[in-house]
Every structure is written in C-alpha cells, then in structure tokens.
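In what follows, a single structure is set out as structure tokens and then discussed.
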Number of protein chains: 2
Amino acid sequence: MKVALDAMGGDHAPAVNIGGAKEALQLYPAIEKIFLVGDQAALEAECAKQGLSLSDPRVQIVHAPETIGMAEPGAKTVRRKKQSSINVAMDLVKAGEAHAFVSAGNTGAAVASATIKLRLIEGVDRAGIASGLPNEFGVCHLLDAGANPEAKPEHLLVYAIMGSAFAQYALGVKQPKVGLMSNGEEDEKGTTFTKETFALLKQFADSGKAPFEFVGNVEGHDLFETQLDVVLCDGFTGNVVLKSCEATAKAMFKWLKAELTASPIRMLGAKISKGAFMALKERASAESYGGSPLLGVNGVVIIAHGGSTAVAVRNAIRVGMETYEHKVNPHIQETLAKVALT
Amino acid sequence: MKVALDAMGGDHAPAVNIGGAKEALQLYPAIEKIFLVGDQAALEAECAKQGLSLSDPRVQIVHAPETIGMAEPGAKTVRRKKQSSINVAMDLVKAGEAHAFVSAGNTGAAVASATIKLRLIEGVDRAGIASGLPNEFGVCHLLDAGANPEAKPEHLLVYAIMGSAFAQYALGVKQPKVGLMSNGEEDEKGTTFTKETFALLKQFADSGKAPFEFVGNVEGHDLFETQLDVVLCDGFTGNVVLKSCEATAKAMFKWLKAELTASPIRMLGAKISKGAFMALKERASAESYGGSPLLGVNGVVIIAHGGSTAVAVRNAIRVGMETYEHKVNPHIQETLAKVALT
C-alpha cells in the first residue's frame with residue numbers, strides 16, 4: 001500500500017515526519033511507497049540529514065509550495081492555499097495514487113480538505129475523529145475528538161456505526177461496546193443533546209440492527225477502567241476531554257519527575273526502578289497510538305497530534321495501513337447501506 | 001464558626017465523615033461546633049468506635065431519619081425525603097444555627113436542597129460548583145463542575161464574578177485570571193454557546209467593571225500549566241472534564257504501581273524513593289482540595305467528592321470555614337449589586 005504523508009504538518013516538521021517515514025519503511029514491509037509531500041528543498045535537506053535515501057523506490061518527494069500553519073483557521077486556509085502540503089497529499093489519495101493520508105498538521109485543515117476532496121461516505125453527514133486512549137483492556141476510542149463540535153444526535157448514531165466498524169475490522173474486536181459520554185451513568189443523566197442521542201442509540205440497538213453493543217451512559221473514569229471500544233460525544237466535548245486527559249498525564253509525569261529528583265536518595269531509587277517509568281511513559285503516551293482515523297470520508301485519513309514525535313508519526317502511518325488493509329471504509333459503507341438510516 | 005456536616009453522605013459514610021469531623025476539630029480551633037447530621041444510632045456507634053466524645057461541647061448529633069442514596073435522582077428525592085440528612089443539615093444553615101454546610105453525598109440533592117432552602121443570591125440565576133484542580137501556580141477552579149449542565153452565556157458571566165470573588169477572598173488572589181474552556185485557544189474557536197459567552201465576557205471585561213482579568217479561550221492543558229484561577233464552562237463539560245482528569249490521574253497511579261512492582265529490582269528502587277510517590281499522591285489527589293463550594297446560594301455550601309476519605313472531609317470542612325470567614329458570599333452580593341448585570 002502507498003501512503004501520502006503531509007511532511008510539513010505538526011510542531012516539529014519536517015524532522016519528525018521524515019524520521020517517522022524512515023521508521024515506517026524499516027518496520028512495515030507492506031508499505032510500497034511513502035509520498036513525502038511538502039517543500040522539495042526542505043524535504044531533500046531533511047532526508048539527507050536523516051540518511052533517508054531518495055534513490056529508494058519506496059520514497060518519493062511530491063512538491064507542495066505552501067504550508068498551512070497550526071494556528072491558521074483550517075477550513076478557510078484549505079480553500080485559499082490550494083497548493084498546501086495537506087491539499088496536495090489529499091489529492092494523491094483522491095487520485096488513487098495513495099491509499100492513506102497521514103498528517104500531524106492543522107486538524108481543521110485536514111478535516112476540511114478530506115471532506116472537500118474525498119467527499120463523505122453515503123449516509124454520513126459529518127466526519128468524526130476517533131482518538132484512541134489506552135485502557136485496562138486495550139484501546140478505547142473517543143469519537144468525535146474534534147471534527148464536529150456541534151454534533152447532532154444523528155451524527156453520533158453514525159459515529160457509533162463507524163467507530164464500531166473501526167474497532168471490529170482494524171482492531172479485531174468481535175462485538176464492540178459503545179458508550180455515550182455523559183455527566184453520570186444513570187440513563188436519565190445528561191443534557192437535552194445527550195438524552196436525545198441516548199434514545200436514538202437505544203432504539204437502534206433494540207432494533208437488532210446495530211453491529212455493536214450499546215452500554216448506555218458512561219463517565220470519565222470509564223475511559224480507563226471499563227471495557228469499552230467507543231465512547232461517543234460531540235466534537236467539543238471530545239476535544240476538551242482528550243486534551244484534559246493528555247494534560248493530566250503530562251502534569252503527573254512532570255510532578256513525578258520533580259518529586260523523584262527532589263533528593264539524592266529519591267534519585268537513587270528512581271535510577272534503580274528506571275524501567276518502570278519508561279514502561280509507564282510508553283503505556284500512557286499518545287505517541288504509542290499515534291494517529292486518529294477521520295471516519296466518514298471516502299478514503300483513509302489519519303490525523304496525528306500536532307506535537308507528534310517520529311515514533312508518533314510512524315504509528316500514525318501504521319494506523320493508516322491497518323485501516324486500509326482491513327477495509328474499514330468498505331465495511332462502513334456496507335453497514336450503512338444495510339441499516340439504511342436515512 | 002459552626003458547621004453542619006451531612007454525616008450520612010458519600011460512599012464511605014458515616015466512617016469518613018466522623019473521621020473528618022474529628023480531624024477538623026483537632027486542627028481548626030476556629031470551629032466552635034460541628035453538627036453531625038444523620039441517623040442518631042448509627043452516628044453514636046461510629047463516634048464511639050472512633051473515640052469522638054459526644055460530651056465534647058463542640059460536637060452535636062442532629063438526628064435525621066432519612067438518607068439520600070448516591071444514585072437517587074437528586075432534585076426529586078430532596079423533595080420527597082424531607083427528613084434526609086442533607087435537608088436537615090441545610091435547615092441548620094437556613095436557620096442561622098450553622099455557618100456552613102458540608103456534604104460528600106448526592107451532589108444533585110445537595111444543589112437542589114441548597115437552592116430550595118437557602119435561595120439564590122440576588123442577581124444569580126443558577127448556582128455553580130467550583131472544583132479545584134492543582135496547577136503549577138496553586139489551584140485553578142473549574143466552574144461549573146456539574147450543577148448546571150445546560151448553562152447559558154449569562155450564567156457563565158455570573159460564574160466569572162463569583163469564581164473570582166472566591167479566588168480573591170478565600171484564596172487571596174489579587175486580580176484573578178479567568179479563562180473560558182474551549183476546543184482551541186484562538187478567539188474564534190468554540191461552539192455557538194462558547195462564542196456567545198466569549199463575547200459577553202469580553203464586553204464585560206472591556207467595560208472596566210470586571211473584578212477579574214479575562215484571558216480568553218483556554219484548553220485542557222491550561223488547567224495545569226497556565227496561571228489561571230477560574231476556568232468557566234457549562235456544568236456538563238465541567239463534570240466530564242473533572243471526572244476525566246481524576247480518571248487519568250487514577251489510571252496513572254495504578255499503572256505506575258503495576259510497573260514498580262513488576263520486578264524485585266523495581267520494587268527495591270520504589271522502596272528507596274517512596275517519599276516521592278507519597279508526595280505526588282498528596283499533590284495530585286482530590287483529597288487535598290477536598291471540597292468544592294457551590295457558589296450562588298445564600299449560604300456556604302461545600303460539596304465533597306462521593307469517594308471522600310476522612311482527610312477529604314476534613315479539607316471540605318476547612319474550605320467551608322475559609323469561605324465563611326473570608327466573607328465570600330457578602331463579597332459576591334456586593335459585586336453583583338455594583339455591576340448590576342440584570
């Protein structure tokens with residue numbers, strides 16, 4: 001399979017993008033080619049620096065003269081900067097030259113470009129970002145993590161179908177469990193929006209057509225302690241929750257480090273048990289998950305964290321590969337056609 | 001000052017409530033009396049067990065034959081169980097016999113009881129819960145953390161005034177910094193609700209009447225890394241964020257423990273640097289903050305976590321004491337009268 005990588009996207013581009021591409025090429029033989037999309041001169045220089053040979057037939061720079069900054073308004077800028085790395089990379093997917101788009105760049109821009117160029121899958125009104133959080137049982141995907149801040153109940157019903165297709169086909173979960181994020185676990189908890197969504201999901205689950213188990217309302221702690229594959233919410237809530245969880249983990253690491261270096265004796269202990277902290281970092285870090293699929297567009301689109309490292313970019317490429325190879329989108333199309341919601 | 005403690009509220013009542021009262025009496029000489037409100041026989045037995053003498057003039061059991069369970073619908077049950085510990089304790093505040101109400105019980109019930117019995121401060125449409133989160137600079141209060149899930153922009157403007165009065169008078173912050181929780185820091189980010197709220201806050205701040213600095217939109221990471229005193233949001237978002245942060249911290253501790261006990265050598269290191277983990281726990285734990293003031297009612301009402309320990313209950317009593325002694329409510333009344341929003 002072939003990947004179109006936005007090599008200019010993210011806080012640490014193009015270094016981590018080239019580094020991630022290099023790792024992916026080494027680790028994943030299924031990748032036939034990675035298109036490095038961005039400023040030709042900058043990418044040539046970075047490839048030379050990192051020893052990624054451009055004579056390798058699996059690597060190809062595709063020049064894109066423009067870059068969309070992380071703080072630019074996404075949807076507007078995508079329309080203005082037609083030759084941006086995001087748009088040029090998306091065009092490769094649209095043309096069928098690449099099978100997956102991967103970017104650590106401006107999320108709003110990637111969502112807008114994907115929606116404009118690839119179009120939505122029949123039966124989908126709004127695309128949604130499925131962001132993985134590590135839990136006791138594997139990974140729980142928060143959907144939507146920010147593409148659709150003012151979602152409607154019907155959007156979340158489609159997200160439930162798409163998220164469970166991702167869990168089932170990309171991750172191998174037989175009967176995905178889907179919860180609805182609320183401010184309490186009791187059925188009657190929530191806002192007008194979540195209550196309407198709850199009723200819609202329950203009705204669909206009760207109809208027997210749902211390719212998932214609807215477990216009802218869930219709370220923050222269920223993200224980590226409960227066996228759940230998908231937690232549904234509007235994109236505003238999902239974005240705020242995701243960033244709050246990341247921020248908490250980051251603060252905890254920072255405080256742990258401060259405490260462990262507060263005295264020579266603590267430093268000694270920390271040195272002895274160093275492996276534990278590295279393992280915890282591996283487990284808790286967004287880096288290990290690396291990429292969130294944008295579900296609902298006609299094509300594989302993976303959005304990575306703006307602060308991605310090379311490992312995160314590599315993992316985002318892996319998620320793109322898995323999403324493509326396990327035919328997540330064809331399965332979503334098939335399921336949506338079968339349940340015929342609209 | 002005198003405290004009315006709902007001695008039957010919370011997951012571990014009445015043990016932690018009696019334990020917390022006992023600690024508070026030992027630590028805070030300013031407390032003249034704690035009313036232990038709940039089932040007389042159960043409380044007598046628990047006091048005997050924990051060695052809290054009922055001949056101490058600073059302790060008085062006030063019998064309440066009913067208890068509201070944690071999972072009962074709060075507002076409804078408050079109306080039905082008139083003799084519940086929450087209602088009886090609130091009546092003591094209403095009658096002026098106690099100066100602060102403290103409960104680790106059903107939040108919805110406490111909010112409803114406070115609103116019905118104490119009434120709202122003039123100029124306040126909805127009460128809000130201010131929950132403290134530890135950050136680099138002290139404590140940042142998330143307001144509202146769950147009392148008002150479907151808040152309106154005008155509610156958040158009043159929360160900004162009340163939250164900054166709490167930060168200024170109870171915590172000694174000279175010019176409180178207030179942010180609005182959104183899905184991005186740029187001014188134009190957010191939902192229809194947050195954008196309207198942003199405009200209202202900005203207009204008020206620009207008028208020169210605001211007793212706080214409005215710093216604009218903030219994100220999850222600002223809760224821990226940015227110098228902020230109050231982060232405003234609707235009660236649904238606040239509740240979900242608070243629980244997600246708590247859940248992340250809890251998961252991190254659990255995983256850290258698992259990693260540190262995974263081998264004898266790691267266990268040895270952990271034993272040597274044990275002090276660091278205890279200090280981290282102290283710093284990150286909700287226990288150390290203990291109680292969230294319900295701002296906007298005519299009286300001091302402190303809501304503690306359902307899972308409160310004795311230390312958390314004691315800290316909730318301390319927050320009640322500080323809120324009362326530093327005249328947070330009179331200051332809120334004064335400010336609201338002065339700015340005359342309505």
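As shown in the structure tokens, the chain order sets the letters A, B, ...; within each chain, residues go from 1, and ligands are also counted from 1 in the order they appear.
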Mind listing as a PDB file with N, CA, C and O atoms, in the first residue's frame which residues of chain A are within 7 Å of chain B, counting only C-alpha atoms?
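Now in selection_14.pdb:
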ATOM      1  N   PRO A 149     -17.771  19.971  16.306  1.00  0.00           N
ATOM      2  CA  PRO A 149     -18.014  20.473  17.675  1.00  0.00           C
ATOM      3  C   PRO A 149     -19.497  20.537  18.055  1.00  0.00           C
ATOM      4  O   PRO A 149     -19.832  20.319  19.201  1.00  0.00           O
ATOM      5  N   GLU A 150     -20.354  20.859  17.099  1.00  0.00           N
ATOM      6  CA  GLU A 150     -21.781  20.965  17.438  1.00  0.00           C
ATOM      7  C   GLU A 150     -22.565  19.843  16.768  1.00  0.00           C
ATOM      8  O   GLU A 150     -23.399  20.078  15.897  1.00  0.00           O
ATOM      9  N   SER A 182     -21.444  11.033  29.293  1.00  0.00           N
ATOM     10  CA  SER A 182     -22.425  11.870  29.980  1.00  0.00           C
ATOM     11  C   SER A 182     -21.889  12.299  31.340  1.00  0.00           C
ATOM     12  O   SER A 182     -20.766  11.976  31.707  1.00  0.00           O
ATOM     13  N   ASN A 183     -22.719  13.037  32.061  1.00  0.00           N
ATOM     14  CA  ASN A 183     -22.285  13.522  33.377  1.00  0.00           C
ATOM     15  C   ASN A 183     -22.793  12.621  34.497  1.00  0.00           C
ATOM     16  O   ASN A 183     -22.974  13.062  35.628  1.00  0.00           O
ATOM     17  N   THR A 191     -27.602  16.091  29.054  1.00  0.00           N
ATOM     18  CA  THR A 191     -28.207  17.311  28.525  1.00  0.00           C
ATOM     19  C   THR A 191     -29.314  16.918  27.541  1.00  0.00           C
ATOM     20  O   THR A 191     -29.474  15.732  27.230  1.00  0.00           O
ATOM     21  N   GLU A 219     -19.017   7.652  32.060  1.00  0.00           N
ATOM     22  CA  GLU A 219     -18.386   8.856  32.618  1.00  0.00           C
ATOM     23  C   GLU A 219     -16.888   8.833  32.326  1.00  0.00           C
ATOM     24  O   GLU A 219     -16.378   7.850  31.788  1.00  0.00           O
ATOM     25  N   GLY A 220     -16.216   9.886  32.761  1.00  0.00           N
ATOM     26  CA  GLY A 220     -14.774   9.990  32.547  1.00  0.00           C
ATOM     27  C   GLY A 220     -14.002   8.752  32.961  1.00  0.00           C
ATOM     28  O   GLY A 220     -13.150   8.264  32.216  1.00  0.00           O
ATOM     29  N   HIS A 221     -14.313   8.209  34.135  1.00  0.00           N
ATOM     30  CA  HIS A 221     -13.486   7.088  34.623  1.00  0.00           C
ATOM     31  C   HIS A 221     -13.646   5.831  33.776  1.00  0.00           C
ATOM     32  O   HIS A 221     -12.775   4.967  33.758  1.00  0.00           O
ATOM     33  N   PHE A 224     -10.896   4.608  31.183  1.00  0.00           N
ATOM     34  CA  PHE A 224      -9.706   3.831  31.518  1.00  0.00           C
ATOM     35  C   PHE A 224     -10.007   2.511  32.221  1.00  0.00           C
ATOM     36  O   PHE A 224      -9.205   1.606  32.207  1.00  0.00           O
ATOM     37  N   PHE A 236     -16.811  19.001  20.496  1.00  0.00           N
ATOM     38  CA  PHE A 236     -16.340  19.960  21.508  1.00  0.00           C
ATOM     39  C   PHE A 236     -15.953  19.197  22.769  1.00  0.00           C
ATOM     40  O   PHE A 236     -14.838  19.319  23.276  1.00  0.00           O
ATOM     41  N   THR A 237     -16.882  18.389  23.252  1.00  0.00           N
ATOM     42  CA  THR A 237     -16.627  17.604  24.472  1.00  0.00           C
ATOM     43  C   THR A 237     -15.426  16.682  24.271  1.00  0.00           C
ATOM     44  O   THR A 237     -14.535  16.610  25.129  1.00  0.00           O
ATOM     45  N   ASN A 239     -12.898  16.911  22.240  1.00  0.00           N
ATOM     46  CA  ASN A 239     -11.644  17.648  22.158  1.00  0.00           C
ATOM     47  C   ASN A 239     -11.185  18.099  23.532  1.00  0.00           C
ATOM     48  O   ASN A 239     -10.008  17.962  23.896  1.00  0.00           O
ATOM     49  N   VAL A 240     -12.122  18.609  24.307  1.00  0.00           N
ATOM     50  CA  VAL A 240     -11.800  19.095  25.651  1.00  0.00           C
ATOM     51  C   VAL A 240     -11.374  17.917  26.554  1.00  0.00           C
ATOM     52  O   VAL A 240     -10.387  18.019  27.288  1.00  0.00           O
ATOM     53  N   VAL A 241     -12.084  16.808  26.465  1.00  0.00           N
ATOM     54  CA  VAL A 241     -11.736  15.631  27.276  1.00  0.00           C
ATOM     55  C   VAL A 241     -10.356  15.107  26.900  1.00  0.00           C
ATOM     56  O   VAL A 241      -9.515  14.849  27.770  1.00  0.00           O
ATOM     57  N   LYS A 243      -7.815  16.583  25.464  1.00  0.00           N
ATOM     58  CA  LYS A 243      -6.737  17.482  25.880  1.00  0.00           C
ATOM     59  C   LYS A 243      -6.587  17.486  27.399  1.00  0.00           C
ATOM     60  O   LYS A 243      -5.475  17.609  27.920  1.00  0.00           O
ATOM     61  N   SER A 244      -7.705  17.359  28.133  1.00  0.00           N
ATOM     62  CA  SER A 244      -7.627  17.339  29.594  1.00  0.00           C
ATOM     63  C   SER A 244      -6.929  16.070  30.082  1.00  0.00           C
ATOM     64  O   SER A 244      -6.137  16.115  31.025  1.00  0.00           O
ATOM     65  N   CYS A 245      -7.226  14.944  29.442  1.00  0.00           N
ATOM     66  CA  CYS A 245      -6.566  13.689  29.820  1.00  0.00           C
ATOM     67  C   CYS A 245      -5.071  13.772  29.522  1.00  0.00           C
ATOM     68  O   CYS A 245      -4.238  13.403  30.352  1.00  0.00           O
ATOM     69  N   ALA A 247      -3.285  16.432  29.297  1.00  0.00           N
ATOM     70  CA  ALA A 247      -2.686  17.421  30.195  1.00  0.00           C
ATOM     71  C   ALA A 247      -2.469  16.833  31.589  1.00  0.00           C
ATOM     72  O   ALA A 247      -1.457  17.103  32.232  1.00  0.00           O
ATOM     73  N   THR A 248      -3.421  16.034  32.046  1.00  0.00           N
ATOM     74  CA  THR A 248      -3.278  15.413  33.363  1.00  0.00           C
ATOM     75  C   THR A 248      -2.083  14.463  33.368  1.00  0.00           C
ATOM     76  O   THR A 248      -1.258  14.495  34.287  1.00  0.00           O
ATOM     77  N   ALA A 249      -1.990  13.637  32.321  1.00  0.00           N
ATOM     78  CA  ALA A 249      -0.872  12.685  32.247  1.00  0.00           C
ATOM     79  C   ALA A 249       0.458  13.441  32.200  1.00  0.00           C
ATOM     80  O   ALA A 249       1.408  13.077  32.898  1.00  0.00           O
ATOM     81  N   ALA A 251       1.097  16.487  33.340  1.00  0.00           N
ATOM     82  CA  ALA A 251       1.357  17.099  34.647  1.00  0.00           C
ATOM     83  C   ALA A 251       1.852  16.053  35.638  1.00  0.00           C
ATOM     84  O   ALA A 251       2.777  16.301  36.415  1.00  0.00           O
ATOM     85  N   TRP A 255       5.334  16.239  37.653  1.00  0.00           N
ATOM     86  CA  TRP A 255       5.395  16.262  39.114  1.00  0.00           C
ATOM     87  C   TRP A 255       6.155  15.053  39.647  1.00  0.00           C
ATOM     88  O   TRP A 255       6.880  15.152  40.636  1.00  0.00           O
ATOM     89  N   LEU A 256       5.956  13.908  38.977  1.00  0.00           N
ATOM     90  CA  LEU A 256       6.675  12.698  39.392  1.00  0.00           C
ATOM     91  C   LEU A 256       8.176  12.940  39.268  1.00  0.00           C
ATOM     92  O   LEU A 256       8.946  12.636  40.182  1.00  0.00           O
ATOM     93  N   GLU A 259       9.404  15.246  41.975  1.00  0.00           N
ATOM     94  CA  GLU A 259       9.497  14.572  43.275  1.00  0.00           C
ATOM     95  C   GLU A 259      10.674  13.599  43.312  1.00  0.00           C
ATOM     96  O   GLU A 259      11.352  13.477  44.322  1.00  0.00           O
ATOM     97  N   LEU A 260      10.899  12.907  42.196  1.00  0.00           N
ATOM     98  CA  LEU A 260      11.965  11.897  42.169  1.00  0.00           C
ATOM     99  C   LEU A 260      13.359  12.517  42.140  1.00  0.00           C
ATOM    100  O   LEU A 260      14.341  11.855  42.456  1.00  0.00           O
ATOM    101  N   ILE A 265      18.559  10.623  47.649  1.00  0.00           N
ATOM    102  CA  ILE A 265      18.091   9.269  47.932  1.00  0.00           C
ATOM    103  C   ILE A 265      16.955   8.880  46.985  1.00  0.00           C
ATOM    104  O   ILE A 265      16.904   7.764  46.456  1.00  0.00           O
ATOM    105  N   ARG A 266      16.055   9.863  46.732  1.00  0.00           N
ATOM    106  CA  ARG A 266      14.973   9.582  45.787  1.00  0.00           C
ATOM    107  C   ARG A 266      15.520   9.345  44.376  1.00  0.00           C
ATOM    108  O   ARG A 266      15.025   8.511  43.625  1.00  0.00           O
ATOM    109  N   GLY A 269      16.785   5.809  44.119  1.00  0.00           N
ATOM    110  CA  GLY A 269      15.672   4.867  43.953  1.00  0.00           C
ATOM    111  C   GLY A 269      15.118   4.906  42.536  1.00  0.00           C
ATOM    112  O   GLY A 269      14.849   3.864  41.925  1.00  0.00           O
ATOM    113  N   ALA A 270      14.988   6.135  42.019  1.00  0.00           N
ATOM    114  CA  ALA A 270      14.431   6.303  40.674  1.00  0.00           C
ATOM    115  C   ALA A 270      15.325   5.663  39.625  1.00  0.00           C
ATOM    116  O   ALA A 270      14.854   5.065  38.661  1.00  0.00           O
ATOM    117  N   ILE A 272      17.250   3.097  40.057  1.00  0.00           N
ATOM    118  CA  ILE A 272      17.118   1.634  40.162  1.00  0.00           C
ATOM    119  C   ILE A 272      15.845   1.148  39.465  1.00  0.00           C
ATOM    120  O   ILE A 272      15.838   0.132  38.785  1.00  0.00           O
ATOM    121  N   SER A 273      14.762   1.918  39.640  1.00  0.00           N
ATOM    122  CA  SER A 273      13.492   1.461  39.059  1.00  0.00           C
ATOM    123  C   SER A 273      13.164   2.177  37.749  1.00  0.00           C
ATOM    124  O   SER A 273      12.004   2.264  37.350  1.00  0.00           O
ATOM    125  N   ALA A 276      10.558   1.085  35.106  1.00  0.00           N
ATOM    126  CA  ALA A 276       9.132   1.266  35.387  1.00  0.00           C
ATOM    127  C   ALA A 276       8.620   2.569  34.787  1.00  0.00           C
ATOM    128  O   ALA A 276       7.529   2.620  34.215  1.00  0.00           O
ATOM    129  N   ALA A 279       8.393   2.306  31.015  1.00  0.00           N
ATOM    130  CA  ALA A 279       7.242   1.486  30.622  1.00  0.00           C
ATOM    131  C   ALA A 279       5.941   2.275  30.790  1.00  0.00           C
ATOM    132  O   ALA A 279       5.040   2.197  29.955  1.00  0.00           O
ATOM    133  N   LEU A 280       5.867   3.048  31.879  1.00  0.00           N
ATOM    134  CA  LEU A 280       4.667   3.860  32.115  1.00  0.00           C
ATOM    135  C   LEU A 280       4.511   4.900  31.003  1.00  0.00           C
ATOM    136  O   LEU A 280       3.415   5.115  30.487  1.00  0.00           O
TER     137      LEU A 280
END
Can you tell me which residues surround Lys202 of chain B at a distance of at most 8 Å, considering only C-alpha atoms, apart from same-chain residues fewer than 3 positions away, and format the answer as a PDB file with C-alpha atoms, in the first residue's frame?
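Done, and the output landed in selection_34.pdb:
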ATOM      1  CA  PHE B 198     -16.784  34.775  24.958  1.00  0.00           C
ATOM      2  CA  ALA B 199     -18.399  37.922  23.520  1.00  0.00           C
ATOM      3  CA  ALA B 205     -14.068  42.909  30.795  1.00  0.00           C
ATOM      4  CA  ASP B 206     -13.745  45.790  28.319  1.00  0.00           C
ATOM      5  CA  PHE B 214     -10.461  37.694  31.193  1.00  0.00           C
ATOM      6  CA  GLY B 216      -9.924  34.370  26.625  1.00  0.00           C
TER       7      GLY B 216
END
Counting only C-alpha atoms, figure out which residue out of A:Val178, A:Gly291, A:Cys233, A:Ile161 gets nearest to Leu336 of chain A.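 Among the listed residues, the smallest separation from Leu336 of chain A belongs to A:Ile161.
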What's the separation between atom CA of Met1 of chain A and atom CA of Ala75 of chain A, in Å to one decimal place?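 We find that atom CA of Met1 of chain A and atom CA of Ala75 of chain A lie 28.6 Å from each other.
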Mind checking DSSP for segment 99-233 of chain A and telling me the strand (DSSP E) residues as a VMD selection string? chain A and resid 100 to 103 128 to 135 138 to 143 177 to 181 213 to 218 230 to 232
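Among the candidates B:Pro65, B:Gly132, B:Gly179, B:Gly38, the one nearest to Lys82 of chain B when counting only C-alpha atoms is B:Pro65.
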I need the residues of segment 75-310 of chain B that end up classed as helix (DSSP H, G or I) by DSSP on the backbone, written out as a VMD selection string. chain B and resid 75 to 80 85 to 94 107 to 118 153 to 170 192 to 206 222 to 225 235 to 260 264 to 272 274 to 284 286 to 288 310
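If only C-alpha atoms are the atoms counted, then among B:Ile31, B:Val313, B:Leu201, B:Ala48 the closest residue to Gly9 of chain B is B:Val313.
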Pick out the residues sitting within 9 Å of Ile86 of chain A, and hand them over as a VMD selection string; count only C-alpha atoms, and ignore anything fewer than 5 positions along from it in its own chain. chain A and resid 5 to 9 37 to 38 64 66 to 68 78 91 101 103 105 to 106 109 to 110 113
With only C-alpha atoms as the counted atoms, please give the residues lying no more than 9 Å from Tyr324 of chain A, apart from itself and same-chain residues fewer than 5 positions off, as a ChimeraX atom specification. /A:1,99-100,170,299-300,319,329
Those residues with all heavy atoms, as a PDB file, in the first residue's frame please?
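part-v7.pdb, freshly written:
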ATOM      1  N   MET A   1       0.835  -1.207   0.000  1.00  0.00           N
ATOM      2  CA  MET A   1       0.000   0.000   0.000  1.00  0.00           C
ATOM      3  C   MET A   1       0.872   1.259   0.000  1.00  0.00           C
ATOM      4  O   MET A   1       2.024   1.230   0.393  1.00  0.00           O
ATOM      5  CB  MET A   1      -0.947   0.021   1.205  1.00  0.00           C
ATOM      6  CG  MET A   1      -0.284   0.009   2.550  1.00  0.00           C
ATOM      7  SD  MET A   1      -0.589   1.432   3.666  1.00  0.00           S
ATOM      8  CE  MET A   1      -2.005   2.213   3.043  1.00  0.00           C
ATOM      9  N   HIS A  99      -3.063   5.307  -0.788  1.00  0.00           N
ATOM     10  CA  HIS A  99      -4.200   4.630  -0.138  1.00  0.00           C
ATOM     11  C   HIS A  99      -4.525   5.189   1.232  1.00  0.00           C
ATOM     12  O   HIS A  99      -5.526   4.813   1.834  1.00  0.00           O
ATOM     13  CB  HIS A  99      -3.916   3.132  -0.023  1.00  0.00           C
ATOM     14  CG  HIS A  99      -3.550   2.515  -1.327  1.00  0.00           C
ATOM     15  ND1 HIS A  99      -2.285   2.059  -1.614  1.00  0.00           N
ATOM     16  CD2 HIS A  99      -4.293   2.324  -2.454  1.00  0.00           C
ATOM     17  CE1 HIS A  99      -2.259   1.583  -2.845  1.00  0.00           C
ATOM     18  NE2 HIS A  99      -3.455   1.735  -3.382  1.00  0.00           N
ATOM     19  N   ALA A 100      -3.630   6.033   1.739  1.00  0.00           N
ATOM     20  CA  ALA A 100      -3.894   6.644   3.050  1.00  0.00           C
ATOM     21  C   ALA A 100      -3.205   7.998   3.129  1.00  0.00           C
ATOM     22  O   ALA A 100      -2.095   8.174   2.605  1.00  0.00           O
ATOM     23  CB  ALA A 100      -3.406   5.740   4.171  1.00  0.00           C
ATOM     24  N   ALA A 170     -10.376  -3.039  12.134  1.00  0.00           N
ATOM     25  CA  ALA A 170      -8.964  -2.634  12.277  1.00  0.00           C
ATOM     26  C   ALA A 170      -8.352  -3.232  13.537  1.00  0.00           C
ATOM     27  O   ALA A 170      -7.170  -3.540  13.577  1.00  0.00           O
ATOM     28  CB  ALA A 170      -8.830  -1.120  12.293  1.00  0.00           C
ATOM     29  N   GLY A 299     -12.027   7.571   1.971  1.00  0.00           N
ATOM     30  CA  GLY A 299     -10.584   7.448   1.901  1.00  0.00           C
ATOM     31  C   GLY A 299     -10.050   7.324   3.304  1.00  0.00           C
ATOM     32  O   GLY A 299     -10.721   7.696   4.269  1.00  0.00           O
ATOM     33  N   VAL A 300      -8.834   6.800   3.422  1.00  0.00           N
ATOM     34  CA  VAL A 300      -8.223   6.633   4.746  1.00  0.00           C
ATOM     35  C   VAL A 300      -7.473   7.917   5.094  1.00  0.00           C
ATOM     36  O   VAL A 300      -6.542   8.298   4.381  1.00  0.00           O
ATOM     37  CB  VAL A 300      -7.284   5.418   4.766  1.00  0.00           C
ATOM     38  CG1 VAL A 300      -6.576   5.318   6.111  1.00  0.00           C
ATOM     39  CG2 VAL A 300      -8.064   4.138   4.464  1.00  0.00           C
ATOM     40  N   VAL A 319      -1.400   3.057  11.660  1.00  0.00           N
ATOM     41  CA  VAL A 319      -2.866   3.087  11.770  1.00  0.00           C
ATOM     42  C   VAL A 319      -3.493   3.238  10.382  1.00  0.00           C
ATOM     43  O   VAL A 319      -4.485   2.586  10.056  1.00  0.00           O
ATOM     44  CB  VAL A 319      -3.331   4.213  12.730  1.00  0.00           C
ATOM     45  CG1 VAL A 319      -4.853   4.331  12.735  1.00  0.00           C
ATOM     46  CG2 VAL A 319      -2.828   3.963  14.147  1.00  0.00           C
ATOM     47  N   ASN A 329     -13.228   1.258   5.617  1.00  0.00           N
ATOM     48  CA  ASN A 329     -14.206   2.064   4.872  1.00  0.00           C
ATOM     49  C   ASN A 329     -15.212   1.226   4.077  1.00  0.00           C
ATOM     50  O   ASN A 329     -16.412   1.499   4.164  1.00  0.00           O
ATOM     51  CB  ASN A 329     -13.495   3.071   3.961  1.00  0.00           C
ATOM     52  CG  ASN A 329     -13.062   4.304   4.747  1.00  0.00           C
ATOM     53  OD1 ASN A 329     -13.514   4.514   5.872  1.00  0.00           O
ATOM     54  ND2 ASN A 329     -12.189   5.104   4.172  1.00  0.00           N
TER      55      ASN A 329
END
What's around Leu54 of chain A at 12 Å? Count only C-alpha atoms, leave out sequence neighbours fewer than 6 positions away in its own chain, and write the answer as a PyMOL selection string. chain A and resi 18+22+33-36+40+43-48+60-62
Work out how far atom CA of Pro211 of chain A is from atom CA of Val139 of chain A, in Å to one decimal.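 So the two atoms, atom CA of Val139 of chain A and atom CA of Pro211 of chain A, lie 18.5 Å apart.
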List the neighbours of Gly128 of chain A out to 9 Å using only C-alpha atoms; skip same-chain residues closer than 5 positions along the sequence, and give me the result as JSON, numbers by chain. {"A": [111, 143, 144, 145, 146, 147, 148, 155, 156, 159, 162, 235, 293, 294, 295, 296, 297]}
